[in-house]
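Here is the file protein.cif (mmCIF, N, CA and C atoms and all ligand atoms).
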```cif
data_target
#
loop_
_atom_site.label_atom_id
_atom_site.label_comp_id
_atom_site.auth_asym_id
_atom_site.auth_seq_id
_atom_site.Cartn_x
_atom_site.Cartn_y
_atom_site.Cartn_z
N MET F 1 -9.56 7.73 9.86
CA MET F 1 -8.73 6.55 10.13
C MET F 1 -7.29 6.83 9.70
N GLN F 2 -6.36 6.46 10.53
CA GLN F 2 -4.95 6.66 10.23
C GLN F 2 -4.37 5.39 9.61
N ILE F 3 -3.17 5.53 9.07
CA ILE F 3 -2.54 4.39 8.38
C ILE F 3 -2.43 3.19 9.33
N HIS F 4 -1.99 3.43 10.55
CA HIS F 4 -1.80 2.29 11.47
C HIS F 4 -3.13 1.62 11.82
N GLU F 5 -4.20 2.41 11.84
CA GLU F 5 -5.52 1.84 12.13
C GLU F 5 -5.99 0.96 10.95
N PHE F 6 -5.73 1.43 9.73
CA PHE F 6 -6.07 0.62 8.56
C PHE F 6 -5.27 -0.68 8.57
N GLN F 7 -3.98 -0.57 8.88
CA GLN F 7 -3.14 -1.77 8.90
C GLN F 7 -3.63 -2.75 9.96
N GLU F 8 -4.02 -2.23 11.10
CA GLU F 8 -4.54 -3.10 12.17
C GLU F 8 -5.86 -3.78 11.74
N MET F 9 -6.71 -3.02 11.05
CA MET F 9 -7.96 -3.59 10.56
C MET F 9 -7.67 -4.74 9.59
N MET F 10 -6.71 -4.53 8.69
CA MET F 10 -6.35 -5.57 7.75
C MET F 10 -5.79 -6.79 8.48
N LYS F 11 -5.06 -6.54 9.56
CA LYS F 11 -4.51 -7.64 10.35
C LYS F 11 -5.62 -8.47 10.97
N GLN F 12 -6.61 -7.79 11.52
CA GLN F 12 -7.75 -8.51 12.11
C GLN F 12 -8.50 -9.32 11.05
N LEU F 13 -8.62 -8.74 9.86
CA LEU F 13 -9.38 -9.41 8.80
C LEU F 13 -8.63 -10.58 8.19
N TYR F 14 -7.33 -10.42 7.94
CA TYR F 14 -6.64 -11.35 7.05
C TYR F 14 -5.34 -11.96 7.56
N PHE F 15 -4.89 -11.60 8.76
CA PHE F 15 -3.54 -12.01 9.17
C PHE F 15 -3.33 -13.52 9.12
N THR F 16 -4.29 -14.27 9.59
CA THR F 16 -4.12 -15.73 9.62
C THR F 16 -3.94 -16.28 8.21
N ARG F 17 -4.81 -15.86 7.29
CA ARG F 17 -4.72 -16.33 5.90
C ARG F 17 -3.44 -15.81 5.23
N ASP F 18 -3.12 -14.53 5.48
CA ASP F 18 -1.91 -13.95 4.86
C ASP F 18 -0.65 -14.65 5.37
N SER F 19 -0.61 -14.95 6.64
CA SER F 19 0.56 -15.63 7.21
C SER F 19 0.74 -17.00 6.59
N ALA F 20 -0.37 -17.71 6.40
CA ALA F 20 -0.30 -19.05 5.81
C ALA F 20 0.18 -18.97 4.36
N ARG F 21 -0.23 -17.93 3.63
CA ARG F 21 0.17 -17.76 2.23
C ARG F 21 1.66 -17.43 2.14
N GLY F 22 2.13 -16.64 3.11
CA GLY F 22 3.55 -16.30 3.15
C GLY F 22 3.89 -15.03 2.40
N VAL F 23 5.15 -14.60 2.56
CA VAL F 23 5.60 -13.34 1.98
C VAL F 23 5.59 -13.41 0.45
N ASP F 24 6.15 -14.46 -0.13
CA ASP F 24 6.23 -14.54 -1.59
C ASP F 24 4.85 -14.52 -2.23
N GLY F 25 3.93 -15.34 -1.71
CA GLY F 25 2.59 -15.42 -2.28
C GLY F 25 1.84 -14.11 -2.12
N THR F 26 1.99 -13.48 -0.98
CA THR F 26 1.30 -12.21 -0.73
C THR F 26 1.88 -11.10 -1.61
N PHE F 27 3.20 -11.13 -1.78
CA PHE F 27 3.82 -10.16 -2.68
C PHE F 27 3.30 -10.33 -4.11
N LYS F 28 3.14 -11.56 -4.54
CA LYS F 28 2.61 -11.80 -5.90
C LYS F 28 1.19 -11.25 -6.04
N TRP F 29 0.38 -11.39 -5.00
CA TRP F 29 -0.97 -10.81 -5.04
C TRP F 29 -0.88 -9.29 -5.17
N LEU F 30 0.03 -8.68 -4.40
CA LEU F 30 0.19 -7.22 -4.48
C LEU F 30 0.58 -6.80 -5.89
N VAL F 31 1.51 -7.52 -6.50
CA VAL F 31 1.93 -7.21 -7.87
C VAL F 31 0.75 -7.34 -8.82
N ASP F 32 -0.04 -8.40 -8.67
CA ASP F 32 -1.23 -8.57 -9.51
C ASP F 32 -2.18 -7.38 -9.37
N GLU F 33 -2.36 -6.92 -8.13
CA GLU F 33 -3.26 -5.78 -7.90
C GLU F 33 -2.70 -4.50 -8.52
N ILE F 34 -1.39 -4.33 -8.49
CA ILE F 34 -0.78 -3.15 -9.12
C ILE F 34 -0.99 -3.20 -10.63
N VAL F 35 -0.85 -4.38 -11.20
CA VAL F 35 -1.10 -4.54 -12.64
C VAL F 35 -2.55 -4.20 -12.96
N GLU F 36 -3.48 -4.68 -12.13
CA GLU F 36 -4.90 -4.38 -12.35
C GLU F 36 -5.15 -2.87 -12.23
N LEU F 37 -4.51 -2.20 -11.28
CA LEU F 37 -4.64 -0.75 -11.16
C LEU F 37 -4.15 -0.07 -12.44
N GLY F 38 -3.02 -0.54 -12.94
CA GLY F 38 -2.49 0.02 -14.19
C GLY F 38 -3.46 -0.11 -15.34
N GLU F 39 -4.15 -1.24 -15.40
CA GLU F 39 -5.14 -1.44 -16.46
C GLU F 39 -6.32 -0.48 -16.29
N GLU F 40 -6.79 -0.32 -15.06
CA GLU F 40 -7.92 0.59 -14.82
C GLU F 40 -7.56 2.03 -15.11
N LEU F 41 -6.32 2.41 -14.87
CA LEU F 41 -5.89 3.79 -15.12
C LEU F 41 -5.93 4.15 -16.60
N LYS F 42 -5.92 3.14 -17.44
CA LYS F 42 -6.01 3.38 -18.90
C LYS F 42 -7.43 3.68 -19.33
N GLY F 43 -8.40 3.34 -18.49
CA GLY F 43 -9.80 3.51 -18.85
C GLY F 43 -10.40 4.74 -18.20
N SER F 44 -11.74 4.74 -18.12
CA SER F 44 -12.43 5.92 -17.57
C SER F 44 -13.42 5.55 -16.46
N ASP F 45 -13.30 4.32 -15.95
CA ASP F 45 -14.21 3.87 -14.89
C ASP F 45 -13.64 4.25 -13.53
N ARG F 46 -14.07 5.41 -13.04
CA ARG F 46 -13.51 5.94 -11.79
C ARG F 46 -13.77 5.00 -10.60
N GLU F 47 -14.96 4.43 -10.53
CA GLU F 47 -15.30 3.54 -9.42
C GLU F 47 -14.40 2.30 -9.44
N ALA F 48 -14.16 1.74 -10.61
CA ALA F 48 -13.29 0.57 -10.72
C ALA F 48 -11.86 0.94 -10.35
N THR F 49 -11.44 2.14 -10.74
CA THR F 49 -10.08 2.60 -10.40
C THR F 49 -9.94 2.76 -8.89
N GLU F 50 -10.97 3.31 -8.25
CA GLU F 50 -10.95 3.44 -6.79
C GLU F 50 -10.80 2.08 -6.12
N LYS F 51 -11.52 1.10 -6.62
CA LYS F 51 -11.45 -0.24 -6.03
C LYS F 51 -10.07 -0.85 -6.20
N GLU F 52 -9.42 -0.57 -7.31
CA GLU F 52 -8.06 -1.10 -7.50
C GLU F 52 -7.07 -0.39 -6.57
N PHE F 53 -7.24 0.92 -6.37
CA PHE F 53 -6.40 1.61 -5.38
C PHE F 53 -6.61 0.97 -4.00
N ALA F 54 -7.86 0.65 -3.67
CA ALA F 54 -8.15 0.03 -2.38
C ALA F 54 -7.45 -1.32 -2.26
N ASP F 55 -7.47 -2.10 -3.33
CA ASP F 55 -6.80 -3.40 -3.30
C ASP F 55 -5.29 -3.24 -3.11
N VAL F 56 -4.71 -2.26 -3.78
CA VAL F 56 -3.26 -2.06 -3.66
C VAL F 56 -2.88 -1.69 -2.23
N ILE F 57 -3.65 -0.79 -1.62
CA ILE F 57 -3.30 -0.40 -0.24
C ILE F 57 -3.59 -1.56 0.72
N ALA F 58 -4.63 -2.33 0.45
CA ALA F 58 -4.97 -3.48 1.31
C ALA F 58 -3.87 -4.54 1.26
N TRP F 59 -3.41 -4.87 0.06
CA TRP F 59 -2.36 -5.89 -0.06
C TRP F 59 -1.02 -5.37 0.45
N THR F 60 -0.79 -4.07 0.33
CA THR F 60 0.43 -3.48 0.90
C THR F 60 0.39 -3.63 2.42
N ALA F 61 -0.77 -3.37 3.02
CA ALA F 61 -0.91 -3.52 4.47
C ALA F 61 -0.77 -4.98 4.88
N SER F 62 -1.32 -5.90 4.09
CA SER F 62 -1.19 -7.32 4.41
C SER F 62 0.27 -7.75 4.39
N LEU F 63 0.99 -7.31 3.38
CA LEU F 63 2.41 -7.67 3.28
C LEU F 63 3.20 -7.07 4.45
N ALA F 64 2.88 -5.85 4.81
CA ALA F 64 3.54 -5.22 5.97
C ALA F 64 3.23 -6.01 7.24
N ASN F 65 1.99 -6.46 7.38
CA ASN F 65 1.62 -7.21 8.59
C ASN F 65 2.42 -8.50 8.72
N ILE F 66 2.56 -9.23 7.64
CA ILE F 66 3.25 -10.53 7.79
C ILE F 66 4.77 -10.38 7.82
N THR F 67 5.27 -9.18 7.48
CA THR F 67 6.72 -8.94 7.62
C THR F 67 7.04 -8.14 8.88
N GLY F 68 6.00 -7.79 9.64
CA GLY F 68 6.21 -7.08 10.90
C GLY F 68 6.64 -5.63 10.71
N ILE F 69 6.25 -5.04 9.59
CA ILE F 69 6.59 -3.64 9.32
C ILE F 69 5.42 -2.74 9.68
N ASN F 70 5.68 -1.68 10.43
CA ASN F 70 4.68 -0.67 10.75
C ASN F 70 4.67 0.35 9.60
N LEU F 71 3.63 0.25 8.76
CA LEU F 71 3.56 1.09 7.55
C LEU F 71 3.59 2.58 7.87
N GLU F 72 2.84 2.97 8.87
CA GLU F 72 2.76 4.39 9.20
C GLU F 72 4.13 4.91 9.63
N LYS F 73 4.79 4.15 10.48
CA LYS F 73 6.12 4.56 10.95
C LYS F 73 7.10 4.61 9.77
N ALA F 74 7.05 3.58 8.92
CA ALA F 74 7.96 3.53 7.77
C ALA F 74 7.72 4.70 6.82
N ALA F 75 6.44 4.94 6.51
CA ALA F 75 6.12 6.00 5.54
C ALA F 75 6.49 7.37 6.08
N LEU F 76 6.15 7.63 7.33
CA LEU F 76 6.40 8.96 7.87
C LEU F 76 7.86 9.19 8.22
N SER F 77 8.59 8.12 8.48
CA SER F 77 10.01 8.34 8.76
C SER F 77 10.77 8.64 7.47
N LYS F 78 10.26 8.15 6.33
CA LYS F 78 10.92 8.47 5.06
C LYS F 78 10.36 9.73 4.41
N TYR F 79 9.04 9.90 4.46
CA TYR F 79 8.37 11.04 3.80
C TYR F 79 7.73 11.93 4.86
N ASN F 80 8.54 12.64 5.60
CA ASN F 80 8.03 13.46 6.68
C ASN F 80 7.97 14.93 6.27
N HIS F 81 7.00 15.24 5.43
CA HIS F 81 6.74 16.61 4.97
C HIS F 81 7.82 17.19 4.07
N LYS F 82 8.75 16.33 3.61
CA LYS F 82 9.76 16.81 2.66
C LYS F 82 10.27 15.63 1.85
N CYS F 83 10.78 15.92 0.67
CA CYS F 83 11.32 14.89 -0.19
C CYS F 83 12.57 14.28 0.47
N PRO F 84 12.65 12.95 0.54
CA PRO F 84 13.81 12.34 1.20
C PRO F 84 15.12 12.55 0.43
N LYS F 85 15.04 12.90 -0.86
CA LYS F 85 16.27 13.12 -1.64
C LYS F 85 16.76 14.55 -1.54
N CYS F 86 15.89 15.50 -1.86
CA CYS F 86 16.33 16.90 -1.90
C CYS F 86 16.00 17.66 -0.61
N GLN F 87 15.21 17.04 0.26
CA GLN F 87 14.82 17.65 1.53
C GLN F 87 13.94 18.89 1.36
N GLN F 88 13.31 19.02 0.19
CA GLN F 88 12.47 20.20 -0.07
C GLN F 88 10.99 19.81 -0.11
N SER F 89 10.13 20.81 0.09
CA SER F 89 8.69 20.65 -0.08
C SER F 89 8.13 21.91 -0.74
N PRO F 90 7.62 21.79 -1.97
CA PRO F 90 7.57 20.60 -2.80
C PRO F 90 8.94 20.17 -3.29
N CYS F 91 8.99 18.91 -3.73
CA CYS F 91 10.24 18.33 -4.23
C CYS F 91 10.83 19.21 -5.33
N ASP F 92 12.16 19.35 -5.26
CA ASP F 92 12.88 20.15 -6.26
C ASP F 92 13.90 19.29 -7.02
N CYS F 93 13.73 17.96 -6.96
CA CYS F 93 14.66 17.08 -7.66
C CYS F 93 14.56 17.29 -9.16
N LYS F 94 15.67 17.16 -9.85
CA LYS F 94 15.69 17.26 -11.31
C LYS F 94 15.61 15.85 -11.91
N PHE F 95 14.60 15.63 -12.74
CA PHE F 95 14.44 14.32 -13.35
C PHE F 95 14.88 14.35 -14.80
ZN ZN J 101 13.13 15.90 -4.25
#
```
Translate the structure described by the file into structure tokens.
Ligand SMILES: [Zn+2]
Amino acid sequence: MQIHEFQEMMKQLYFTRDSARGVDGTFKWLVDEIVELGEELKGSDREATEKEFADVIAWTASLANITGINLEKAALSKYNHKCPKCQQSPCDCKF
């Protein structure tokens, strides 16, 4: 499954509910899921961590759907096999 296919699946599942909730409410859900992922990363429950990663990508896709953003196009236009800052692969940026 490609990114656009996942986004389309999320649209079929949740677009009506996500649209009614709106951008702000959906963004808050995404933030909550990121916080939950952060909590799981502190532990050792791999299955729970996987589920939180799934929630983060699902809510990211939902937010993209209600804002009309094509995630696959956005991601690949910015991260197309090289770092968008240094243009290298692997990244050679100095942090
Ligand atoms: Zn770089």
Next item on the list: Please identify all polymer residues lying at most 10 Å from the point (-1.4, 2.3, 0.9) (file coordinates), using only C-alpha atoms, and present the result as number ranges by chain.
Entry: F: 3, 6-7, 53-61, 71-72, 75
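Reported to one decimal place, the separation of atom CA of Asn70 of chain F from atom N of Ile34 of chain F is 20.5 Å.
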Item checked: Given 6 Å and only N, CA and C atoms and all ligand atoms, residues near ligand ZN 101 (chain J) as a VMD selection string -> chain F and resid 83 to 88 91 to 93
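Point (-7.6, -9.0, 3.7) has the following residues at most 7 Å away: Met10, Lys11, Leu13, Tyr14, Phe15, Ala58, Trp59 and Ser62 of chain F (atoms considered: only N, CA and C atoms).
In this comparison, which uses only C-alpha atoms, the residue of F:Lys94, F:Gly68, F:Glu52, F:Val23 approaching Val35 of chain F most closely is F:Glu52.
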Item checked: Pairwise distance for atom C of Met9 of chain F and atom N of Asn65 of chain F, rounded to one decimal in Å -> 10.1 Å
Checklist line | In chain F, DSSP helix (DSSP H, G or I) residues written as a ChimeraX atom specification | finding: /F:3-41,46-67,71-78
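Atom to atom, atom CA of Glu39 of chain F and atom CA of Asp18 of chain F stand 24.9 Å apart.
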As JSON, what would the box around segment 2-9 of chain F look like: edges along x, y and z, 5 Å added on every side, centre and edge lengths in Å to one decimal?
```
{"center_x": -4.9, "center_y": 1.0, "center_z": 10.3, "size_x": 16.2, "size_y": 21.4, "size_z": 13.8}
```
All heavy atoms are what I want for segment 40-51 of chain F; can you complete it accordingly and write them as a compact mmCIF listing (two decimals), in the frame of the given file?
```txt
# COMPACT_ATOMS: atom_id res chain seq x y z
N GLU F 40 -6.79 -0.32 -15.06
CA GLU F 40 -7.92 0.59 -14.82
C GLU F 40 -7.56 2.03 -15.11
O GLU F 40 -8.40 2.82 -15.56
CB GLU F 40 -8.45 0.45 -13.39
CG GLU F 40 -9.22 -0.82 -13.13
CD GLU F 40 -10.45 -0.98 -14.03
OE1 GLU F 40 -10.99 0.02 -14.55
OE2 GLU F 40 -10.85 -2.14 -14.24
N LEU F 41 -6.32 2.41 -14.87
CA LEU F 41 -5.89 3.79 -15.12
C LEU F 41 -5.93 4.15 -16.60
O LEU F 41 -5.99 5.32 -16.95
CB LEU F 41 -4.48 4.01 -14.56
CG LEU F 41 -4.38 4.06 -13.03
CD1 LEU F 41 -2.92 4.02 -12.60
CD2 LEU F 41 -5.08 5.29 -12.46
N LYS F 42 -5.92 3.14 -17.44
CA LYS F 42 -6.01 3.38 -18.90
C LYS F 42 -7.43 3.68 -19.33
O LYS F 42 -7.66 4.20 -20.42
CB LYS F 42 -5.50 2.16 -19.67
CG LYS F 42 -4.03 1.89 -19.48
CD LYS F 42 -3.65 0.58 -20.18
CE LYS F 42 -2.24 0.18 -19.85
NZ LYS F 42 -1.94 -1.20 -20.33
N GLY F 43 -8.40 3.34 -18.49
CA GLY F 43 -9.80 3.51 -18.85
C GLY F 43 -10.40 4.74 -18.20
O GLY F 43 -9.69 5.65 -17.76
N SER F 44 -11.74 4.74 -18.12
CA SER F 44 -12.43 5.92 -17.57
C SER F 44 -13.42 5.55 -16.46
O SER F 44 -14.24 6.36 -16.07
CB SER F 44 -13.18 6.64 -18.69
OG SER F 44 -14.09 5.75 -19.31
N ASP F 45 -13.30 4.32 -15.95
CA ASP F 45 -14.21 3.87 -14.89
C ASP F 45 -13.64 4.25 -13.53
O ASP F 45 -12.81 3.54 -12.96
CB ASP F 45 -14.40 2.34 -15.00
CG ASP F 45 -15.47 1.84 -14.04
OD1 ASP F 45 -15.78 2.53 -13.04
OD2 ASP F 45 -16.00 0.74 -14.29
N ARG F 46 -14.07 5.41 -13.04
CA ARG F 46 -13.51 5.94 -11.79
C ARG F 46 -13.77 5.00 -10.60
O ARG F 46 -12.91 4.81 -9.75
CB ARG F 46 -14.07 7.33 -11.52
CG ARG F 46 -13.40 8.02 -10.36
CD ARG F 46 -13.66 9.52 -10.39
NE ARG F 46 -12.98 10.17 -9.30
CZ ARG F 46 -11.71 10.55 -9.34
NH1 ARG F 46 -11.01 10.35 -10.42
NH2 ARG F 46 -11.15 11.13 -8.30
N GLU F 47 -14.96 4.43 -10.53
CA GLU F 47 -15.30 3.54 -9.42
C GLU F 47 -14.40 2.30 -9.44
O GLU F 47 -13.89 1.87 -8.39
CB GLU F 47 -16.77 3.13 -9.50
CG GLU F 47 -17.23 2.36 -8.28
CD GLU F 47 -18.72 2.02 -8.33
OE1 GLU F 47 -19.49 2.75 -8.98
OE2 GLU F 47 -19.09 1.01 -7.71
N ALA F 48 -14.16 1.74 -10.61
CA ALA F 48 -13.29 0.57 -10.72
C ALA F 48 -11.86 0.94 -10.35
O ALA F 48 -11.15 0.16 -9.69
CB ALA F 48 -13.35 0.00 -12.14
N THR F 49 -11.44 2.14 -10.74
CA THR F 49 -10.08 2.60 -10.40
C THR F 49 -9.94 2.76 -8.89
O THR F 49 -8.94 2.35 -8.30
CB THR F 49 -9.77 3.93 -11.11
OG1 THR F 49 -9.92 3.74 -12.52
CG2 THR F 49 -8.35 4.40 -10.82
N GLU F 50 -10.97 3.31 -8.25
CA GLU F 50 -10.95 3.44 -6.79
C GLU F 50 -10.80 2.08 -6.12
O GLU F 50 -10.04 1.93 -5.15
CB GLU F 50 -12.24 4.10 -6.29
CG GLU F 50 -12.30 5.59 -6.48
CD GLU F 50 -13.59 6.21 -5.93
OE1 GLU F 50 -14.41 5.48 -5.35
OE2 GLU F 50 -13.75 7.42 -6.11
N LYS F 51 -11.52 1.10 -6.62
CA LYS F 51 -11.45 -0.24 -6.03
C LYS F 51 -10.07 -0.85 -6.20
O LYS F 51 -9.58 -1.55 -5.30
CB LYS F 51 -12.52 -1.14 -6.66
CG LYS F 51 -13.91 -0.77 -6.17
CD LYS F 51 -14.99 -1.63 -6.80
CE LYS F 51 -16.35 -1.22 -6.25
NZ LYS F 51 -17.45 -1.92 -6.93
```
